[in-house]
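Shown below: model_26.cif, with mmCIF, C-alpha atoms.
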data_structure
loop_
_atom_site.group_PDB
_atom_site.id
_atom_site.type_symbol
_atom_site.label_atom_id
_atom_site.label_comp_id
_atom_site.auth_asym_id
_atom_site.auth_seq_id
_atom_site.Cartn_x
_atom_site.Cartn_y
_atom_site.Cartn_z
ATOM 1 C CA MET F 1 -27.636 -0.569 -23.814
ATOM 2 C CA SER F 2 -24.137 0.924 -23.931
ATOM 3 C CA ASP F 3 -21.085 -1.276 -24.352
ATOM 4 C CA ARG F 4 -19.966 -0.331 -20.888
ATOM 5 C CA ALA F 5 -23.246 -1.394 -19.310
ATOM 6 C CA LYS F 6 -23.173 -4.685 -21.214
ATOM 7 C CA THR F 7 -19.774 -5.625 -19.891
ATOM 8 C CA LEU F 8 -20.998 -5.339 -16.318
ATOM 9 C CA GLU F 9 -23.142 -8.398 -16.932
ATOM 10 C CA GLY F 10 -26.309 -7.537 -15.144
ATOM 11 C CA ALA F 11 -24.888 -5.023 -12.699
ATOM 12 C CA PRO F 12 -26.289 -1.500 -12.864
ATOM 13 C CA ALA F 13 -24.418 0.814 -15.199
ATOM 14 C CA PRO F 14 -22.160 3.274 -13.398
ATOM 15 C CA SER F 15 -23.612 6.690 -12.767
ATOM 16 C CA ALA F 16 -22.251 9.472 -14.929
ATOM 17 C CA ASP F 17 -20.138 10.896 -12.123
ATOM 18 C CA GLU F 18 -18.455 7.551 -11.574
ATOM 19 C CA ALA F 19 -17.690 6.641 -15.178
ATOM 20 C CA VAL F 20 -13.952 6.920 -15.655
ATOM 21 C CA PRO F 21 -12.797 8.670 -18.830
ATOM 22 C CA ASP F 22 -9.676 7.387 -20.553
ATOM 23 C CA ALA F 23 -6.413 9.140 -19.816
ATOM 24 C CA PRO F 24 -4.690 9.974 -23.117
ATOM 25 C CA ALA F 25 -1.459 8.312 -24.222
ATOM 26 C CA SER F 26 1.668 9.688 -22.580
ATOM 27 C CA ALA F 27 4.543 11.293 -24.477
ATOM 28 C CA SER F 28 6.582 8.092 -24.102
ATOM 29 C CA ASP F 29 3.647 6.049 -25.457
ATOM 30 C CA LEU F 30 3.452 8.300 -28.498
ATOM 31 C CA ALA F 31 7.200 8.026 -29.028
ATOM 32 C CA LEU F 32 6.978 4.235 -28.857
ATOM 33 C CA ILE F 33 4.044 4.213 -31.287
ATOM 34 C CA ALA F 34 6.070 6.346 -33.695
ATOM 35 C CA ARG F 35 8.902 3.785 -33.540
ATOM 36 C CA LEU F 36 6.452 0.932 -34.124
ATOM 37 C CA ARG F 37 4.955 2.741 -37.113
ATOM 38 C CA ALA F 38 8.464 3.198 -38.443
ATOM 39 C CA ARG F 39 8.630 -0.627 -38.140
ATOM 40 C CA ASP F 40 11.445 -0.574 -35.607
ATOM 41 C CA SER F 41 11.691 -4.260 -34.703
ATOM 42 C CA LYS F 42 13.595 -3.560 -31.480
ATOM 43 C CA ALA F 43 10.614 -1.508 -30.279
ATOM 44 C CA PHE F 44 8.237 -4.385 -30.991
ATOM 45 C CA SER F 45 10.589 -6.913 -29.403
ATOM 46 C CA ASP F 46 10.728 -4.766 -26.240
ATOM 47 C CA LEU F 47 6.929 -4.500 -26.250
ATOM 48 C CA LEU F 48 6.636 -8.298 -26.417
ATOM 49 C CA ASP F 49 9.113 -8.714 -23.557
ATOM 50 C CA ARG F 50 7.372 -6.118 -21.437
ATOM 51 C CA TYR F 51 3.767 -7.251 -21.857
ATOM 52 C CA HIS F 52 3.687 -10.947 -22.701
ATOM 53 C CA GLY F 53 3.849 -12.224 -19.090
ATOM 54 C CA PRO F 54 1.323 -9.675 -17.783
ATOM 55 C CA LEU F 55 -1.090 -10.479 -20.645
ATOM 56 C CA LEU F 56 -0.871 -14.200 -19.946
ATOM 57 C CA ARG F 57 -1.481 -13.597 -16.254
ATOM 58 C CA LEU F 58 -4.598 -11.549 -16.991
ATOM 59 C CA ALA F 59 -5.901 -13.973 -19.629
ATOM 60 C CA LEU F 60 -5.810 -16.763 -17.058
ATOM 61 C CA VAL F 61 -8.428 -14.872 -15.032
ATOM 62 C CA PHE F 62 -10.949 -15.102 -17.851
ATOM 63 C CA VAL F 63 -10.454 -18.498 -19.438
ATOM 64 C CA PRO F 64 -10.418 -21.973 -17.932
ATOM 65 C CA SER F 65 -7.078 -23.297 -19.123
ATOM 66 C CA ARG F 66 -3.546 -22.244 -19.789
ATOM 67 C CA ALA F 67 -3.705 -23.494 -23.363
ATOM 68 C CA VAL F 68 -6.679 -21.238 -24.094
ATOM 69 C CA ALA F 69 -4.998 -18.317 -22.267
ATOM 70 C CA GLU F 70 -1.914 -18.710 -24.459
ATOM 71 C CA GLU F 71 -4.093 -18.640 -27.578
ATOM 72 C CA VAL F 72 -5.849 -15.515 -26.334
ATOM 73 C CA VAL F 73 -2.520 -13.769 -25.755
ATOM 74 C CA GLN F 74 -1.347 -14.752 -29.220
ATOM 75 C CA GLU F 75 -4.586 -13.381 -30.709
ATOM 76 C CA THR F 76 -4.037 -10.210 -28.678
ATOM 77 C CA TRP F 77 -0.610 -9.660 -30.225
ATOM 78 C CA VAL F 78 -2.074 -10.139 -33.676
ATOM 79 C CA GLY F 79 -4.780 -7.611 -32.683
ATOM 80 C CA VAL F 80 -2.090 -5.175 -31.535
ATOM 81 C CA LEU F 81 -0.304 -5.469 -34.887
ATOM 82 C CA ASP F 82 -3.557 -5.071 -36.813
ATOM 83 C CA GLY F 83 -4.584 -2.010 -34.801
ATOM 84 C CA LEU F 84 -1.194 -0.374 -34.453
ATOM 85 C CA ASP F 85 -1.557 2.062 -37.307
ATOM 86 C CA ARG F 86 -5.051 3.061 -36.187
ATOM 87 C CA PHE F 87 -4.166 3.691 -32.516
ATOM 88 C CA GLU F 88 -5.122 7.302 -31.905
ATOM 89 C CA GLY F 89 -3.666 7.783 -28.454
ATOM 90 C CA ARG F 90 -7.011 8.369 -26.746
ATOM 91 C CA SER F 91 -5.975 5.926 -24.036
ATOM 92 C CA THR F 92 -2.577 4.900 -22.758
ATOM 93 C CA LEU F 93 -0.842 2.205 -24.782
ATOM 94 C CA LYS F 94 -1.007 -0.128 -21.787
ATOM 95 C CA THR F 95 -4.766 0.368 -21.406
ATOM 96 C CA TRP F 96 -5.254 -0.232 -25.125
ATOM 97 C CA ILE F 97 -3.250 -3.490 -25.142
ATOM 98 C CA PHE F 98 -4.871 -4.862 -21.990
ATOM 99 C CA ARG F 99 -8.294 -3.937 -23.351
ATOM 100 C CA ILE F 100 -7.684 -5.905 -26.552
ATOM 101 C CA LEU F 101 -6.802 -8.837 -24.297
ATOM 102 C CA THR F 102 -9.855 -8.531 -22.046
ATOM 103 C CA ASN F 103 -12.210 -8.235 -25.027
ATOM 104 C CA ARG F 104 -10.766 -11.349 -26.621
ATOM 105 C CA ALA F 105 -10.547 -13.222 -23.321
ATOM 106 C CA LYS F 106 -14.146 -12.374 -22.411
ATOM 107 C CA THR F 107 -15.401 -13.587 -25.787
ATOM 108 C CA ARG F 108 -13.405 -16.753 -25.322
ATOM 109 C CA GLY F 109 -14.601 -17.104 -21.711
ATOM 110 C CA VAL F 110 -18.225 -16.906 -22.874
ATOM 111 C CA ARG F 111 -17.537 -19.589 -25.469
ATOM 112 C CA GLU F 112 -15.933 -21.757 -22.777
ATOM 113 C CA ASN F 113 -18.837 -21.086 -20.400
ATOM 114 C CA ARG F 114 -16.872 -18.950 -18.023
ATOM 115 C CA THR F 115 -17.940 -15.372 -17.469
ATOM 116 C CA VAL F 116 -16.516 -12.957 -14.949
ATOM 117 C CA PRO F 117 -19.036 -10.855 -13.069
ATOM 118 C CA PHE F 118 -17.375 -7.510 -12.577
ATOM 119 C CA SER F 119 -19.689 -5.983 -10.059
ATOM 120 C CA ALA F 120 -18.128 -5.842 -6.606
ATOM 121 C CA PHE F 121 -21.500 -6.832 -5.265
ATOM 122 C CA SER F 122 -21.884 -10.099 -7.059
ATOM 123 C CA ASP F 123 -19.129 -11.867 -5.140
ATOM 124 C CA GLN F 124 -19.976 -15.336 -4.014
ATOM 125 C CA ASP F 125 -18.536 -14.321 -0.655
ATOM 126 C CA GLY F 126 -21.175 -11.709 -0.133
ATOM 127 C CA GLU F 127 -21.205 -7.998 0.344
ATOM 128 C CA HIS F 128 -20.002 -7.948 3.936
ATOM 129 C CA GLU F 129 -16.815 -9.879 3.575
ATOM 130 C CA ALA F 130 -14.509 -8.846 6.459
ATOM 131 C CA ALA F 131 -10.890 -7.796 5.865
ATOM 132 C CA VAL F 132 -9.877 -9.608 9.062
ATOM 133 C CA GLU F 133 -11.921 -12.341 10.720
ATOM 134 C CA ALA F 134 -14.116 -10.934 13.477
ATOM 135 C CA ALA F 135 -12.798 -13.461 16.026
ATOM 136 C CA ARG F 136 -9.503 -11.552 16.147
ATOM 137 C CA PHE F 137 -11.153 -8.487 17.670
ATOM 138 C CA LYS F 138 -12.485 -7.874 21.172
ATOM 139 C CA PRO F 139 -16.157 -6.915 21.535
ATOM 140 C CA ASN F 140 -15.094 -3.230 21.601
ATOM 141 C CA GLY F 141 -13.514 -3.580 18.121
ATOM 142 C CA MET F 142 -9.892 -3.413 19.344
ATOM 143 C CA TRP F 143 -7.393 -6.156 18.476
ATOM 144 C CA GLY F 144 -7.686 -9.347 20.532
ATOM 145 C CA VAL F 145 -5.229 -11.349 18.412
ATOM 146 C CA PRO F 146 -3.137 -8.561 16.860
ATOM 147 C CA PRO F 147 -0.917 -8.876 13.793
ATOM 148 C CA ARG F 148 2.768 -9.326 14.560
ATOM 149 C CA ARG F 149 5.536 -7.476 12.863
ATOM 150 C CA TRP F 150 7.057 -9.702 10.174
ATOM 151 C CA GLU F 151 10.760 -10.174 10.645
ATOM 152 C CA ASP F 152 11.552 -10.601 6.958
ATOM 153 C CA ASP F 153 9.227 -7.977 5.653
ATOM 154 C CA THR F 154 10.801 -7.134 2.341
ATOM 155 C CA PRO F 155 9.331 -8.633 -0.853
ATOM 156 C CA GLU F 156 12.729 -10.078 -1.761
ATOM 157 C CA LYS F 157 12.947 -12.021 1.496
ATOM 158 C CA LEU F 158 9.321 -13.096 1.410
ATOM 159 C CA LEU F 159 9.658 -14.431 -2.135
ATOM 160 C CA MET F 160 13.053 -16.018 -1.596
ATOM 161 C CA THR F 161 11.867 -19.602 -2.079
ATOM 162 C CA ALA F 162 10.015 -21.119 -5.020
ATOM 163 C CA GLN F 163 7.566 -22.484 -2.464
ATOM 164 C CA ALA F 164 6.675 -18.979 -1.270
ATOM 165 C CA VAL F 165 6.059 -17.799 -4.839
ATOM 166 C CA GLN F 166 3.889 -20.836 -5.512
ATOM 167 C CA HIS F 167 1.948 -20.244 -2.318
ATOM 168 C CA LEU F 168 1.169 -16.668 -3.281
ATOM 169 C CA GLU F 169 0.301 -17.648 -6.869
ATOM 170 C CA HIS F 170 -2.166 -20.227 -5.538
ATOM 171 C CA ALA F 171 -3.771 -17.669 -3.246
ATOM 172 C CA ILE F 172 -4.172 -15.271 -6.198
ATOM 173 C CA ALA F 173 -5.669 -18.029 -8.368
ATOM 174 C CA ALA F 174 -8.154 -18.842 -5.591
ATOM 175 C CA LEU F 175 -9.570 -15.281 -5.505
ATOM 176 C CA PRO F 176 -12.948 -14.630 -7.130
ATOM 177 C CA PRO F 177 -12.157 -13.662 -10.766
ATOM 178 C CA ASN F 178 -13.212 -10.018 -10.423
ATOM 179 C CA GLN F 179 -10.928 -9.502 -7.401
ATOM 180 C CA ARG F 180 -8.164 -11.424 -9.140
ATOM 181 C CA ALA F 181 -8.401 -9.244 -12.249
ATOM 182 C CA VAL F 182 -8.202 -6.020 -10.241
ATOM 183 C CA VAL F 183 -5.309 -7.059 -7.982
ATOM 184 C CA THR F 184 -3.445 -8.493 -10.978
ATOM 185 C CA LEU F 185 -3.613 -5.228 -12.871
ATOM 186 C CA ARG F 186 -3.084 -2.914 -9.905
ATOM 187 C CA ASP F 187 -0.538 -4.635 -7.729
ATOM 188 C CA ILE F 188 1.196 -7.170 -9.965
ATOM 189 C CA GLU F 189 1.288 -5.143 -13.185
ATOM 190 C CA GLY F 190 1.396 -1.713 -11.564
ATOM 191 C CA LEU F 191 -1.457 -0.010 -13.436
ATOM 192 C CA ASP F 192 -3.018 2.949 -11.645
ATOM 193 C CA SER F 193 -6.647 2.870 -10.534
ATOM 194 C CA HIS F 194 -7.725 4.931 -13.531
ATOM 195 C CA GLU F 195 -6.181 2.486 -15.987
ATOM 196 C CA VAL F 196 -7.683 -0.520 -14.199
ATOM 197 C CA CYS F 197 -11.162 1.035 -14.365
ATOM 198 C CA ASN F 198 -10.676 1.613 -18.081
ATOM 199 C CA VAL F 199 -9.365 -1.848 -18.875
ATOM 200 C CA LEU F 200 -12.049 -3.670 -16.893
ATOM 201 C CA GLU F 201 -14.786 -1.064 -17.509
ATOM 202 C CA ILE F 202 -15.696 -0.758 -13.856
ATOM 203 C CA THR F 203 -16.258 2.257 -11.628
ATOM 204 C CA GLU F 204 -13.710 3.669 -9.198
ATOM 205 C CA THR F 205 -15.801 2.462 -6.280
ATOM 206 C CA ASN F 206 -16.025 -1.099 -7.600
ATOM 207 C CA GLN F 207 -12.320 -1.088 -8.286
ATOM 208 C CA ARG F 208 -11.541 -0.006 -4.728
ATOM 209 C CA VAL F 209 -13.892 -2.545 -3.116
ATOM 210 C CA LEU F 210 -12.504 -5.405 -5.208
ATOM 211 C CA LEU F 211 -8.927 -4.312 -4.537
ATOM 212 C CA HIS F 212 -9.616 -4.085 -0.809
ATOM 213 C CA ARG F 213 -11.056 -7.582 -0.655
ATOM 214 C CA ALA F 214 -8.271 -9.085 -2.708
ATOM 215 C CA ARG F 215 -5.462 -7.365 -0.795
ATOM 216 C CA SER F 216 -7.031 -8.271 2.555
ATOM 217 C CA LYS F 217 -7.169 -11.956 1.632
ATOM 218 C CA LEU F 218 -3.628 -12.003 0.266
ATOM 219 C CA ARG F 219 -2.294 -10.247 3.385
ATOM 220 C CA ALA F 220 -4.046 -12.869 5.537
ATOM 221 C CA MET F 221 -2.508 -15.643 3.472
ATOM 222 C CA LEU F 222 0.980 -14.133 3.761
ATOM 223 C CA GLU F 223 0.498 -13.677 7.506
ATOM 224 C CA GLU F 224 -0.395 -17.333 7.859
ATOM 225 C CA TYR F 225 2.557 -18.331 5.697
ATOM 226 C CA VAL F 226 5.057 -16.171 7.607
ATOM 227 C CA GLU F 227 3.845 -17.436 10.985
ATOM 228 C CA ARG F 228 3.914 -21.058 9.906
ATOM 229 C CA LYS F 229 7.489 -20.810 8.651
ATOM 230 C CA MET N 1 -12.815 7.275 17.592
ATOM 231 C CA LEU N 2 -12.152 4.548 15.039
ATOM 232 C CA THR N 3 -11.823 0.977 16.265
ATOM 233 C CA CYS N 4 -9.068 -1.332 15.026
ATOM 234 C CA GLN N 5 -11.672 -3.410 13.222
ATOM 235 C CA GLN N 6 -12.993 -0.332 11.403
ATOM 236 C CA LEU N 7 -9.450 0.658 10.496
ATOM 237 C CA THR N 8 -8.836 -2.691 8.778
ATOM 238 C CA GLU N 9 -11.831 -1.973 6.557
ATOM 239 C CA LEU N 10 -10.601 1.518 5.674
ATOM 240 C CA VAL N 11 -6.999 0.673 4.833
ATOM 241 C CA THR N 12 -7.452 0.609 1.060
ATOM 242 C CA GLU N 13 -9.370 3.882 1.061
ATOM 243 C CA TYR N 14 -6.484 5.359 3.061
ATOM 244 C CA LEU N 15 -3.733 3.945 0.859
ATOM 245 C CA GLU N 16 -5.624 5.056 -2.260
ATOM 246 C CA GLY N 17 -5.815 8.610 -0.914
ATOM 247 C CA ARG N 18 -9.602 8.594 -1.145
ATOM 248 C CA MET N 19 -10.426 9.770 2.386
ATOM 249 C CA SER N 20 -11.950 13.038 3.464
ATOM 250 C CA PHE N 21 -9.705 15.295 5.504
ATOM 251 C CA TRP N 22 -11.598 14.507 8.714
ATOM 252 C CA ARG N 23 -11.583 10.749 8.162
ATOM 253 C CA ARG N 24 -7.890 10.806 7.357
ATOM 254 C CA THR N 25 -7.161 12.737 10.544
ATOM 255 C CA GLN N 26 -9.096 10.175 12.612
ATOM 256 C CA PHE N 27 -7.278 7.364 10.828
ATOM 257 C CA GLN N 28 -3.858 8.865 11.450
ATOM 258 C CA MET N 29 -4.683 9.610 15.103
ATOM 259 C CA HIS N 30 -5.589 5.958 15.586
ATOM 260 C CA LEU N 31 -2.372 4.833 13.879
ATOM 261 C CA GLY N 32 -0.359 7.165 16.111
ATOM 262 C CA MET N 33 -1.709 5.438 19.188
ATOM 263 C CA CYS N 34 -1.999 1.809 18.054
ATOM 264 C CA LYS N 35 1.118 -0.228 17.301
ATOM 265 C CA HIS N 36 -0.985 -3.221 16.228
ATOM 266 C CA CYS N 37 -2.667 -1.202 13.504
ATOM 267 C CA ARG N 38 0.720 0.176 12.477
ATOM 268 C CA ALA N 39 1.886 -3.445 12.120
ATOM 269 C CA TYR N 40 -1.278 -4.194 10.112
ATOM 270 C CA ILE N 41 -0.669 -1.328 7.681
ATOM 271 C CA ARG N 42 2.937 -2.375 7.315
ATOM 272 C CA GLN N 43 1.866 -5.933 6.501
ATOM 273 C CA MET N 44 -0.580 -4.585 3.937
ATOM 274 C CA LYS N 45 2.074 -2.422 2.281
ATOM 275 C CA THR N 46 4.485 -5.365 2.256
ATOM 276 C CA THR N 47 1.795 -7.523 0.646
ATOM 277 C CA VAL N 48 1.284 -4.963 -2.134
ATOM 278 C CA ALA N 49 5.046 -4.582 -2.683
ATOM 279 C CA THR N 50 5.487 -8.366 -2.752
ATOM 280 C CA LEU N 51 2.800 -8.769 -5.413
ATOM 281 C CA GLY N 52 4.718 -6.291 -7.559
ATOM 282 C CA GLN N 53 7.807 -8.500 -7.369
ATOM 283 C CA LEU N 54 6.218 -11.748 -8.557
ATOM 284 C CA PRO N 55 8.165 -13.228 -11.466
ATOM 285 C CA GLN N 56 6.700 -12.830 -14.954
ATOM 286 C CA GLU N 57 6.755 -15.480 -17.626
ATOM 287 C CA PRO N 58 8.947 -14.649 -20.599
ATOM 288 C CA VAL N 59 7.549 -14.710 -24.119
ATOM 289 C CA PRO N 60 8.211 -18.160 -25.651
ATOM 290 C CA PRO N 61 11.004 -17.847 -28.267
ATOM 291 C CA ASP N 62 8.932 -19.521 -31.036
ATOM 292 C CA LEU N 63 6.058 -17.124 -30.579
ATOM 293 C CA LYS N 64 8.406 -14.147 -30.398
ATOM 294 C CA ASP N 65 10.079 -15.159 -33.670
ATOM 295 C CA GLU N 66 6.740 -15.654 -35.370
ATOM 296 C CA LEU N 67 5.396 -12.272 -34.227
ATOM 297 C CA LEU N 68 8.610 -10.465 -35.141
ATOM 298 C CA LYS N 69 8.434 -11.991 -38.629
ATOM 299 C CA ARG N 70 4.843 -10.878 -38.931
ATOM 300 C CA PHE N 71 5.870 -7.390 -37.818
ATOM 301 C CA ALA N 72 8.707 -7.344 -40.372
ATOM 302 C CA ARG N 73 6.257 -8.266 -43.156
ATOM 303 C CA MET N 74 3.997 -5.309 -42.371
ATOM 304 C CA GLY N 75 4.164 -2.557 -44.930
ATOM 305 C CA PRO N 76 4.455 1.106 -44.014
ATOM 306 C CA PRO N 77 1.379 2.624 -42.345
ATOM 307 C CA GLU N 78 -1.312 3.852 -44.710
ATOM 308 C CA GLN N 79 -1.295 7.600 -45.123
ATOM 309 C CA LYS N 80 -4.523 9.208 -43.917
#
Could you spell out this file's structure in structure tokens?
Amino acid sequence: MSDRAKTLEGAPAPSADEAVPDAPASASDLALIARLRARDSKAFSDLLDRYHGPLLRLALVFVPSRAVAEEVVQETWVGVLDGLDRFEGRSTLKTWIFRILTNRAKTRGVRENRTVPFSAFSDQDGEHEAAVEAARFKPNGMWGVPPRRWEDDTPEKLLMTAQAVQHLEHAIAALPPNQRAVVTLRDIEGLDSHEVCNVLEITETNQRVLLHRARSKLRAMLEEYVERK
Amino acid sequence: MLTCQQLTELVTEYLEGRMSFWRRTQFQMHLGMCKHCRAYIRQMKTTVATLGQLPQEPVPPDLKDELLKRFARMGPPEQK
């Protein structure tokens, strides 16, 4: 069995046309690697500042506690230092770092009896999870209870209070882990779909289905929050 | 013609640019005529943008110091 198939934990391996090849490191990645190999401590300090928070956020998807997630992130940084001089640029630097994290976090998750099924079709919620509850549509499929335009519809205004941030963080934490991992990497960390597929070793289709479900739920939560305000 | 309910299930495919030309045309025709679906798409885009603005935790100073020291102790890369 290939490594990729194994990581899908029981789900069928992606067909050849769906497997996503790595995108090579960008010119700026290679420049940063050159600085790191020249032992430029400012470059490493910037790397820590840039990726520590995102790594912790992703680790929390795979392991049951914050303490364990922090250990996994620390191990990831040690792994980055150990592998730095062997990094060949076959993937982007971001993909490489996040992949070190997911490998360590998955191993740790298994040890802590928590595994993340990465097939879109193994959701507890079932395959036919609706983006919007059916009761909001008329029998002809048109809106019965339509969405309203949000008055404060900029991210800055929506996240103005600590309560709003907490609310959204809770909604993210409540997502099934596979949806949470995808939306974390795509929408919170800003990876493109290609990079997410490579980090999580899932197909484009799975990535899109998981992203759709996660975004739909988070939109619904924000809608409820905005209307309750 | 697409229904509003169908459109809500196709939003991610649309935003990801993964639709066929014909599907995209149908989708855009529906959006042109339906202000509720336009509001829905706007909410979805706002949701995505808001996620991108969530605050990130900084690296704890102790850990940063420890890792920077470790980095400083590393010798030059081995020549291949």
Query - Nearest to His30 in chain N, chosen from F:Leu93, F:Val110, F:Met142, F:Leu30, with all atoms listed in the file counted in the distances - result: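 Under the stated criterion, the closest residue is F:Met142.
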Would you translate the PyMOL selection byres ((chain N) within 6 of (chain F)) into the concrete set of residues it matches in this file, as a short mmCIF file (atom, residue, chain, number, x, y, z; two decimals) with C-alpha atoms, in the coordinates of the input?
data_model
loop_
_atom_site.label_atom_id
_atom_site.label_comp_id
_atom_site.auth_asym_id
_atom_site.auth_seq_id
_atom_site.Cartn_x
_atom_site.Cartn_y
_atom_site.Cartn_z
CA THR N 3 -11.82 0.98 16.26
CA CYS N 4 -9.07 -1.33 15.03
CA GLN N 5 -11.67 -3.41 13.22
CA GLU N 9 -11.83 -1.97 6.56
CA THR N 12 -7.45 0.61 1.06
CA HIS N 36 -0.98 -3.22 16.23
CA ALA N 39 1.89 -3.44 12.12
CA TYR N 40 -1.28 -4.19 10.11
CA MET N 44 -0.58 -4.58 3.94
CA THR N 47 1.80 -7.52 0.65
CA VAL N 48 1.28 -4.96 -2.13
CA THR N 50 5.49 -8.37 -2.75
CA LEU N 51 2.80 -8.77 -5.41
CA GLY N 52 4.72 -6.29 -7.56
CA GLN N 56 6.70 -12.83 -14.95
CA GLU N 57 6.76 -15.48 -17.63
CA PRO N 58 8.95 -14.65 -20.60
CA VAL N 59 7.55 -14.71 -24.12
CA PRO N 77 1.38 2.62 -42.34
#
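One finds CA of Leu191 in chain F at 12.2 Å from CA of Ala23 in chain F.
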Report task. Please work out which residues fall within 12 Å of (4.2, 8.5, -23.2), coordinates as given in the file, with only C-alpha atoms counting, and return them as a list of chain:residue names. Result -> F:Ala23, F:Pro24, F:Ala25, F:Ser26, F:Ala27, F:Ser28, F:Asp29, F:Leu30, F:Ala31, F:Leu32, F:Ile33, F:Ala34, F:Gly89, F:Arg90, F:Ser91, F:Thr92, F:Leu93, F:Lys94
Requested in this report: For CA of Leu175 in chain F and CA of Ala69 in chain F, quote the distance in Å rounded to one decimal.
Outcome: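 That distance, rounded to one decimal, is 17.6 Å.
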Report task. Quick one: pull the distance between CA of Arg23 in chain N and CA of Lys35 in chain N, Å, one decimal. Result -> 19.1 Å
With a distance cut-off of 12 Å and all atoms listed in the file, select the neighbouring residues of Arg66 in chain F, excluding the residue or stretch itself and same-chain residues fewer than 6 positions from it, and output the selection as a PDB file with C-alpha atoms, keeping the file's coordinate frame.
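File produced: selection.pdb:
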ATOM      1  CA  LEU F  56      -0.871 -14.200 -19.946  1.00  0.00           C
ATOM      2  CA  ARG F  57      -1.481 -13.597 -16.254  1.00  0.00           C
ATOM      3  CA  LEU F  58      -4.598 -11.549 -16.991  1.00  0.00           C
ATOM      4  CA  ALA F  59      -5.901 -13.973 -19.629  1.00  0.00           C
ATOM      5  CA  LEU F  60      -5.810 -16.763 -17.058  1.00  0.00           C
ATOM      6  CA  VAL F  72      -5.849 -15.515 -26.334  1.00  0.00           C
ATOM      7  CA  VAL F  73      -2.520 -13.769 -25.755  1.00  0.00           C
ATOM      8  CA  ALA F 105     -10.547 -13.222 -23.321  1.00  0.00           C
TER       9      ALA F 105
END
**Report entry** Contact residues around Pro21 in chain F with all atoms listed in the file at 12 Å, ignoring same-chain residues under 6 positions, as a ChimeraX atom specification
**Finding:** /F:4,90-92,95,193-199,201-204
How big is the axis-aligned box, and where does its centre sit, when it encloses all atoms of range 33-47 of chain N listed in the file and has 5 Å added on every side, reported in Å to one decimal as lines of an AutoDock Vina configuration file?
center_x = 0.9
center_y = -1.0
center_z = 9.9
size_x = 17.2
size_y = 23.0
size_z = 28.5
